[in-house]
Amino acid sequence: GLYNLSVNESAVGGTEMFLYHFDKELTQRGIDSRVITWSESQLYDDPKKRRVIPFMNPVGNVERFLHEHAEESLHVQRYAVELEEIKRGRYDLIHSHTSNTFRFGNVIDIPIITTIHMPPESFFNPRSDKKRYPNNTFVCVSHAQKELYDEAGLEIDYVIQNGIDETTFTPAETRDNYLLMLGRVTFEKGTDTAIEAAKKTGLDLIIAGSVDGDKDSQSFFDERIRPFVNVDL
């Protein structure tokens, strides 16, 4: 597995949570799974972090580092670590959750599965990218997402929705009458659409999530979210 943010049991991000539980399931089935990720990641049943392949050591403020420092250099470093690890030839399959590993298909002999967690504008450029990359199987996490990629021009092989660990959820016998949105407060997550749904239904809406450190996300929050909600920071 390849990913660029910390992966652990308490991760709240969708991809980090998915990757932790996916790796856990593989491990429990006796499959030797390794994850290229931040060094502070903690995988299931791996107290000495023998299955973590670090591409980056901890930094004090991840968002500030990513947005104010050498983000492009960080990506180059990550891909260098990925290629070095992959080319050692110990793996039967590469499962990528990042935005550029699939482009290495012509230099990697090992089959690559690319699960796409982002919208086309964050992953695929129809002006420069190909419809089909060699040695890749592309997976979308929803049919609605696949439709967007069909329109953009990238050939998607499968739709496999993200799984959850059912043992961590307890159904409630009663429920309160309100709407809830969990996730980053960004345009692609549709926080503004949730507000419109609340207006039309007349129900209270609880929004739980963070605002990314980039200017677009902050502008989206300031202009389209903050005026309509009581903010508890």
# chains A, B, ... in the order shown; residues from 1 in each chain; ligands from 1
$ residues_around --residues "range 171-176 of chain A" --least-positions-apart "5" --cutoff "12 Å" --atoms "only C-alpha atoms" --output "list in words"
Glu166, Leu203, Asp204, Leu205 and Ile206 of chain A
$ write_last_selection --atoms "C-alpha atoms" --output "mmCIF file, in the first residue's frame"
data_model
loop_
_atom_site.group_PDB
_atom_site.id
_atom_site.type_symbol
_atom_site.label_atom_id
_atom_site.label_comp_id
_atom_site.auth_asym_id
_atom_site.auth_seq_id
_atom_site.Cartn_x
_atom_site.Cartn_y
_atom_site.Cartn_z
ATOM 1 C CA GLU A 166 -18.745 -3.241 11.512
ATOM 2 C CA LEU A 203 -33.546 20.208 9.915
ATOM 3 C CA ASP A 204 -30.569 21.198 12.031
ATOM 4 C CA LEU A 205 -27.206 20.351 10.471
ATOM 5 C CA ILE A 206 -24.069 19.412 12.401
#
$ residues_around --residues "Asn100 in chain A" --least-positions-apart "5" --cutoff "10 Å" --atoms "only C-alpha atoms" --output "ChimeraX atom specification"
/A:75,79,114,123-124
$ write_last_selection --atoms "C-alpha atoms" --output "short mmCIF file (atom, residue, chain, number, x, y, z; two decimals), in the first residue's frame"
data_model
loop_
_atom_site.label_atom_id
_atom_site.label_comp_id
_atom_site.auth_asym_id
_atom_site.auth_seq_id
_atom_site.Cartn_x
_atom_site.Cartn_y
_atom_site.Cartn_z
CA HIS A 75 6.60 14.39 -3.75
CA TYR A 79 8.26 8.64 -5.38
CA THR A 114 -4.79 2.20 -8.20
CA PHE A 123 -6.01 13.17 -10.11
CA PHE A 124 -6.37 13.16 -13.89
#
$ residues_around --residues "Phe102 in chain A" --least-positions-apart "3" --cutoff "12 Å" --atoms "only C-alpha atoms" --output "ChimeraX atom specification"
/A:2,79,82-83,94-99,105-108,110-116,123-124,129-130,132-139
$ residues_around --residues "range 223-229 of chain A" --least-positions-apart "5" --cutoff "12 Å" --atoms "only C-alpha atoms" --output "list in words"
Val185, Thr186, Phe187, Gly190, Thr191, Asp192, Thr193, Ala194, Ile195, Glu196, Ala198, Lys199, Asp204, Leu205, Ile206, Ile207, Ala208, Val211, Lys215, Asp216, Ser217 and Gln218 of chain A
$ residues_around --residues "range 12-15 of chain A" --least-positions-apart "2" --cutoff "8 Å" --atoms "only C-alpha atoms" --output "PyMOL selection string"
chain A and resi 10+17-19+97+117+183
$ select_by_dssp --residues "range 6-216 of chain A" --states "strand (DSSP E or B)" --output "number ranges by chain"
A: 35-38, 52-56, 94-96, 112-116, 136-140, 158-159, 178-182, 204-208
$ write_last_selection --atoms "C-alpha atoms" --output "short mmCIF file (atom, residue, chain, number, x, y, z; two decimals), in the first residue's frame"
data_model
loop_
_atom_site.label_atom_id
_atom_site.label_comp_id
_atom_site.auth_asym_id
_atom_site.auth_seq_id
_atom_site.Cartn_x
_atom_site.Cartn_y
_atom_site.Cartn_z
CA VAL A 35 2.81 0.37 3.68
CA ILE A 36 4.88 3.27 2.39
CA THR A 37 3.75 6.21 4.51
CA TRP A 38 4.81 8.74 7.15
CA VAL A 52 6.04 0.63 7.76
CA ILE A 53 8.28 1.89 4.94
CA PRO A 54 8.81 5.56 5.86
CA PHE A 55 9.20 8.14 3.14
CA MET A 56 9.17 11.08 5.55
CA ILE A 94 1.31 -2.78 -5.63
CA HIS A 95 -1.88 -1.14 -4.31
CA SER A 96 -1.58 2.61 -4.71
CA ILE A 112 -0.46 -1.97 -9.93
CA ILE A 113 -3.96 -1.48 -8.53
CA THR A 114 -4.79 2.20 -8.20
CA THR A 115 -7.73 3.04 -5.94
CA ILE A 116 -8.84 6.60 -6.66
CA ASN A 136 -2.59 -0.59 -14.08
CA THR A 137 -6.03 -1.52 -12.83
CA PHE A 138 -8.09 1.52 -11.84
CA VAL A 139 -10.72 1.34 -9.10
CA CYS A 140 -13.29 4.00 -8.18
CA TYR A 158 -13.99 -1.59 -11.27
CA VAL A 159 -16.15 0.16 -8.68
CA TYR A 178 -30.96 16.19 12.61
CA LEU A 179 -28.53 16.03 9.71
CA LEU A 180 -24.83 15.25 10.14
CA MET A 181 -21.90 15.82 7.78
CA LEU A 182 -18.46 14.41 8.52
CA ASP A 204 -30.57 21.20 12.03
CA LEU A 205 -27.21 20.35 10.47
CA ILE A 206 -24.07 19.41 12.40
CA ILE A 207 -20.83 19.77 10.44
CA ALA A 208 -17.72 18.07 11.81
#
$ closest_residue --among "A:Pro47, A:Glu121, A:Lys24, A:Thr167" --to "Gln145 in chain A" --atoms "only C-alpha atoms"
A:Glu121
$ select_by_dssp --residues "range 171-201 of chain A" --states "alpha helix (DSSP H)" --output "list in words"
Thr191, Asp192, Thr193, Ala194, Ile195, Glu196, Ala197, Ala198, Lys199, Lys200 and Thr201 of chain A
$ atom_distance --atom1 "CA of Asp23 in chain A" --atom2 "CA of Asp212 in chain A"
26.4 Å
$ decode --residues "range 136-152 of chain A" --atoms "N, CA, C and O atoms" --output "tab-separated table (two decimals), in the first residue's frame"
chain	number	residue	atom	x	y	z
A	136	ASN	N	-1.74	-1.19	-15.10
A	136	ASN	CA	-2.59	-0.59	-14.08
A	136	ASN	C	-4.00	-1.13	-14.13
A	136	ASN	O	-4.54	-1.38	-15.22
A	137	THR	N	-4.59	-1.30	-12.97
A	137	THR	CA	-6.03	-1.52	-12.83
A	137	THR	C	-6.58	-0.38	-11.99
A	137	THR	O	-6.11	-0.15	-10.87
A	138	PHE	N	-7.55	0.35	-12.53
A	138	PHE	CA	-8.09	1.52	-11.84
A	138	PHE	C	-9.41	1.17	-11.16
A	138	PHE	O	-10.30	0.56	-11.77
A	139	VAL	N	-9.53	1.61	-9.90
A	139	VAL	CA	-10.72	1.34	-9.10
A	139	VAL	C	-11.29	2.65	-8.58
A	139	VAL	O	-10.57	3.46	-7.98
A	140	CYS	N	-12.58	2.88	-8.80
A	140	CYS	CA	-13.29	4.00	-8.18
A	140	CYS	C	-14.04	3.48	-6.95
A	140	CYS	O	-14.38	2.30	-6.86
A	141	VAL	N	-14.34	4.40	-6.03
A	141	VAL	CA	-15.00	3.98	-4.78
A	141	VAL	C	-16.51	4.21	-4.83
A	141	VAL	O	-17.20	3.92	-3.84
A	142	SER	N	-17.02	4.72	-5.93
A	142	SER	CA	-18.46	4.87	-6.08
A	142	SER	C	-18.80	4.95	-7.56
A	142	SER	O	-17.94	5.30	-8.40
A	143	HIS	N	-20.05	4.65	-7.90
A	143	HIS	CA	-20.48	4.74	-9.30
A	143	HIS	C	-20.56	6.20	-9.75
A	143	HIS	O	-20.29	6.50	-10.91
A	144	ALA	N	-20.92	7.09	-8.83
A	144	ALA	CA	-20.96	8.51	-9.18
A	144	ALA	C	-19.56	9.02	-9.52
A	144	ALA	O	-19.38	9.80	-10.46
A	145	GLN	N	-18.56	8.57	-8.77
A	145	GLN	CA	-17.18	8.95	-9.06
A	145	GLN	C	-16.75	8.40	-10.43
A	145	GLN	O	-16.11	9.10	-11.21
A	146	LYS	N	-17.12	7.17	-10.72
A	146	LYS	CA	-16.77	6.57	-12.01
A	146	LYS	C	-17.36	7.36	-13.17
A	146	LYS	O	-16.72	7.54	-14.21
A	147	GLU	N	-18.59	7.85	-13.01
A	147	GLU	CA	-19.20	8.64	-14.07
A	147	GLU	C	-18.38	9.89	-14.38
A	147	GLU	O	-18.24	10.29	-15.54
A	148	LEU	N	-17.83	10.51	-13.33
A	148	LEU	CA	-17.00	11.70	-13.54
A	148	LEU	C	-15.74	11.34	-14.32
A	148	LEU	O	-15.30	12.11	-15.20
A	149	TYR	N	-15.15	10.19	-14.01
A	149	TYR	CA	-13.94	9.78	-14.74
A	149	TYR	C	-14.25	9.33	-16.15
A	149	TYR	O	-13.45	9.51	-17.07
A	150	ASP	N	-15.43	8.73	-16.33
A	150	ASP	CA	-15.85	8.39	-17.70
A	150	ASP	C	-15.93	9.65	-18.55
A	150	ASP	O	-15.48	9.68	-19.70
A	151	GLU	N	-16.49	10.72	-17.98
A	151	GLU	CA	-16.61	11.98	-18.71
A	151	GLU	C	-15.24	12.60	-18.96
A	151	GLU	O	-15.00	13.21	-20.00
A	152	ALA	N	-14.31	12.44	-17.98
A	152	ALA	CA	-12.97	13.03	-18.12
A	152	ALA	C	-12.10	12.24	-19.09
A	152	ALA	O	-11.16	12.79	-19.67
